[in-house]
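Structure first, then comments.
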Amino acid sequence: MTGESAPAGIQSLKHAFEVIEKMAAIGEPIGVTELAKALGIPKTRTFRYLRTLKTLGYVSQDSSTEKYRLTLRLFHIGQAVADSTQLLTEARAAMVQLRKETQQTVTLSSIENDGVRVLDIVRAHSPVQIVTRPGALLEFHSSAQGRVALAFGSASLWQAVRDKPMTQWTPHTNTDLATLEAEVAEARERGWATAPEQTLVGVNALAAPIFGANRELIATITVAGSLQHVPARPPEALLASVMQAARRISENLGCTEYPV
């Protein structure tokens, strides 16, 4: 698709990125006129892109010089991407080993404000196929990962639970807030969480927390399978394997003292 035939929205997005890249290359505050000249686009259009980027928090303007500069928002986004990449790299070997030990599907998930995002899956060959895919967002109340997030993550995560009705995925899904609070408190005390038949009938998951260098919760590792293989009260051997994997990944990420 050429620049001339691209839809206006795509052209605007393209130019907005060009503004960011040019400002990054210049490396110092710059005025609208100078930036427009460097980009080779009209001053009015350059101003419009800067105004939008300022509204979004990617650009700031000095009130005395009226010059613009990039904020640290892009740095934080880049850092988040780097952290996720490191997490995936460090977790993969432990996930494969955990799948080998348990013969169950293993997932790695990160914590977001409105749920738990599946980052990676190592699937097991089983008659019960776990249909969750990387990129899926699991709700806090109905997943083992979500319960771990509520137990060890920021208290602000509870807001996503309280802001909307809890989805009834199966006849067994708990949608009572007081019951969920008690289950999360129990998960915090024992260091892991399960979610038997909360999302799928006949399926359970067992999740443990992964901590970063500052002992902050950054992810969860989970085994999922039929209730026959991942019962509501997991056997000691299964618990030991999951907790060992969580500790190993946490240590690789710089957590010298696992909090659980």
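So you can find residues: chains in the structure tokens are A, B, ... in the order shown, residues in each start at 1, and ligands are numbered from 1 in order.
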- Out of stretch 47-222 of chain A, which residues get strand (DSSP E or B) from DSSP, as a PyMOL selection string? chain A and resi 59-61+68-70+105-112+115-122+137-138+193-194+203-211+217-222
For stretch 104-203 of chain A against stretch 213-226 of chain A, with a cut-off of 7 Å and counting only C-alpha atoms, what is the closest atom pair and its distance in Å to one decimal for every residue that makes the cut, ordered by chain and number, as JSON lines?
{"residue": "A:Gln104", "atom": "CA", "partner": "A:Gly225", "partner_atom": "CA", "distance": 6.0}
{"residue": "A:Thr105", "atom": "CA", "partner": "A:Ala224", "partner_atom": "CA", "distance": 5.4}
{"residue": "A:Val106", "atom": "CA", "partner": "A:Val223", "partner_atom": "CA", "distance": 4.5}
{"residue": "A:Thr107", "atom": "CA", "partner": "A:Thr222", "partner_atom": "CA", "distance": 5.2}
{"residue": "A:Leu108", "atom": "CA", "partner": "A:Ile221", "partner_atom": "CA", "distance": 4.8}
{"residue": "A:Ser109", "atom": "CA", "partner": "A:Thr220", "partner_atom": "CA", "distance": 5.3}
{"residue": "A:Ser110", "atom": "CA", "partner": "A:Ala219", "partner_atom": "CA", "distance": 4.3}
{"residue": "A:Ile111", "atom": "CA", "partner": "A:Ala219", "partner_atom": "CA", "distance": 5.9}
{"residue": "A:Val128", "atom": "CA", "partner": "A:Ser226", "partner_atom": "CA", "distance": 6.4}
{"residue": "A:Gln145", "atom": "CA", "partner": "A:Thr220", "partner_atom": "CA", "distance": 6.1}
{"residue": "A:Phe152", "atom": "CA", "partner": "A:Leu217", "partner_atom": "CA", "distance": 6.3}
{"residue": "A:Gly153", "atom": "CA", "partner": "A:Leu217", "partner_atom": "CA", "distance": 5.6}
{"residue": "A:Gly202", "atom": "CA", "partner": "A:Ser226", "partner_atom": "CA", "distance": 5.7}
{"residue": "A:Val203", "atom": "CA", "partner": "A:Ser226", "partner_atom": "CA", "distance": 4.4}
Could the residues in this selection be saved with N, CA, C and O atoms as a PDB file, in the first residue's frame?
ATOM      1  N   GLN A 104       0.763 -32.163  32.500  1.00  0.00           N
ATOM      2  CA  GLN A 104      -0.397 -31.292  32.331  1.00  0.00           C
ATOM      3  C   GLN A 104       0.014 -30.025  31.571  1.00  0.00           C
ATOM      4  O   GLN A 104       1.196 -29.671  31.500  1.00  0.00           O
ATOM      5  N   THR A 105      -0.989 -29.355  30.999  1.00  0.00           N
ATOM      6  CA  THR A 105      -0.731 -28.105  30.287  1.00  0.00           C
ATOM      7  C   THR A 105      -0.285 -27.025  31.269  1.00  0.00           C
ATOM      8  O   THR A 105      -0.851 -26.879  32.353  1.00  0.00           O
ATOM      9  N   VAL A 106       0.741 -26.275  30.888  1.00  0.00           N
ATOM     10  CA  VAL A 106       1.318 -25.234  31.743  1.00  0.00           C
ATOM     11  C   VAL A 106       1.148 -23.879  31.062  1.00  0.00           C
ATOM     12  O   VAL A 106       1.417 -23.740  29.867  1.00  0.00           O
ATOM     13  N   THR A 107       0.709 -22.882  31.822  1.00  0.00           N
ATOM     14  CA  THR A 107       0.561 -21.540  31.268  1.00  0.00           C
ATOM     15  C   THR A 107       1.317 -20.523  32.107  1.00  0.00           C
ATOM     16  O   THR A 107       1.477 -20.684  33.321  1.00  0.00           O
ATOM     17  N   LEU A 108       1.759 -19.466  31.451  1.00  0.00           N
ATOM     18  CA  LEU A 108       2.395 -18.323  32.096  1.00  0.00           C
ATOM     19  C   LEU A 108       1.513 -17.115  31.824  1.00  0.00           C
ATOM     20  O   LEU A 108       1.118 -16.874  30.680  1.00  0.00           O
ATOM     21  N   SER A 109       1.191 -16.352  32.859  1.00  0.00           N
ATOM     22  CA  SER A 109       0.275 -15.224  32.701  1.00  0.00           C
ATOM     23  C   SER A 109       0.801 -13.996  33.424  1.00  0.00           C
ATOM     24  O   SER A 109       1.420 -14.097  34.482  1.00  0.00           O
ATOM     25  N   SER A 110       0.538 -12.830  32.852  1.00  0.00           N
ATOM     26  CA  SER A 110       0.918 -11.569  33.473  1.00  0.00           C
ATOM     27  C   SER A 110      -0.308 -10.894  34.072  1.00  0.00           C
ATOM     28  O   SER A 110      -1.447 -11.216  33.732  1.00  0.00           O
ATOM     29  N   ILE A 111      -0.078  -9.943  34.952  1.00  0.00           N
ATOM     30  CA  ILE A 111      -1.158  -9.285  35.683  1.00  0.00           C
ATOM     31  C   ILE A 111      -1.498  -7.956  35.016  1.00  0.00           C
ATOM     32  O   ILE A 111      -0.624  -7.121  34.785  1.00  0.00           O
ATOM     33  N   VAL A 128      -8.384 -34.228  27.547  1.00  0.00           N
ATOM     34  CA  VAL A 128      -9.023 -32.953  27.887  1.00  0.00           C
ATOM     35  C   VAL A 128      -8.136 -31.833  27.378  1.00  0.00           C
ATOM     36  O   VAL A 128      -7.056 -31.588  27.913  1.00  0.00           O
ATOM     37  N   GLN A 145      -5.284 -18.233  38.268  1.00  0.00           N
ATOM     38  CA  GLN A 145      -4.339 -17.137  38.065  1.00  0.00           C
ATOM     39  C   GLN A 145      -4.866 -15.836  38.666  1.00  0.00           C
ATOM     40  O   GLN A 145      -4.142 -15.067  39.298  1.00  0.00           O
ATOM     41  N   PHE A 152      -1.844 -11.743  45.939  1.00  0.00           N
ATOM     42  CA  PHE A 152      -0.477 -11.242  46.095  1.00  0.00           C
ATOM     43  C   PHE A 152      -0.198  -9.939  45.348  1.00  0.00           C
ATOM     44  O   PHE A 152       0.875  -9.367  45.499  1.00  0.00           O
ATOM     45  N   GLY A 153      -1.145  -9.496  44.535  1.00  0.00           N
ATOM     46  CA  GLY A 153      -0.954  -8.268  43.770  1.00  0.00           C
ATOM     47  C   GLY A 153      -1.469  -7.037  44.493  1.00  0.00           C
ATOM     48  O   GLY A 153      -1.800  -7.079  45.681  1.00  0.00           O
ATOM     49  N   GLY A 202     -15.474 -29.755  34.736  1.00  0.00           N
ATOM     50  CA  GLY A 202     -14.547 -30.884  34.719  1.00  0.00           C
ATOM     51  C   GLY A 202     -13.085 -30.495  34.659  1.00  0.00           C
ATOM     52  O   GLY A 202     -12.218 -31.371  34.645  1.00  0.00           O
ATOM     53  N   VAL A 203     -12.784 -29.210  34.634  1.00  0.00           N
ATOM     54  CA  VAL A 203     -11.396 -28.737  34.499  1.00  0.00           C
ATOM     55  C   VAL A 203     -11.005 -27.906  35.715  1.00  0.00           C
ATOM     56  O   VAL A 203     -11.793 -27.106  36.229  1.00  0.00           O
TER      57      VAL A 203
END
- Task: With a distance cut-off of 12 Å and only C-alpha atoms, select the neighbouring residues of stretch 248-255 of chain A, excluding the residue or stretch itself and same-chain residues fewer than 2 positions from it, and output the selection as an NGL selection string.
- Result: :A and (83-95 or 97-98 or 108 or 208-221 or 240-246 or 257-260)
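Shortest separation to A:Thr170 among A:Asn113, A:Ser142, A:Thr71, A:Thr65 occurs at residue A:Ser142, atoms counted being only C-alpha atoms.
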- Message: Can you pull out every residue from stretch 46-254 of chain A that DSSP, working from the backbone, puts in alpha helix (DSSP H), and format the result as a PyMOL selection string?
- Response: chain A and resi 46-56+73-102+144-152+158-162+177-190+236-252
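Here atom CA of A:Glu101 and atom CA of A:Val148 stand 21.9 Å from one another.
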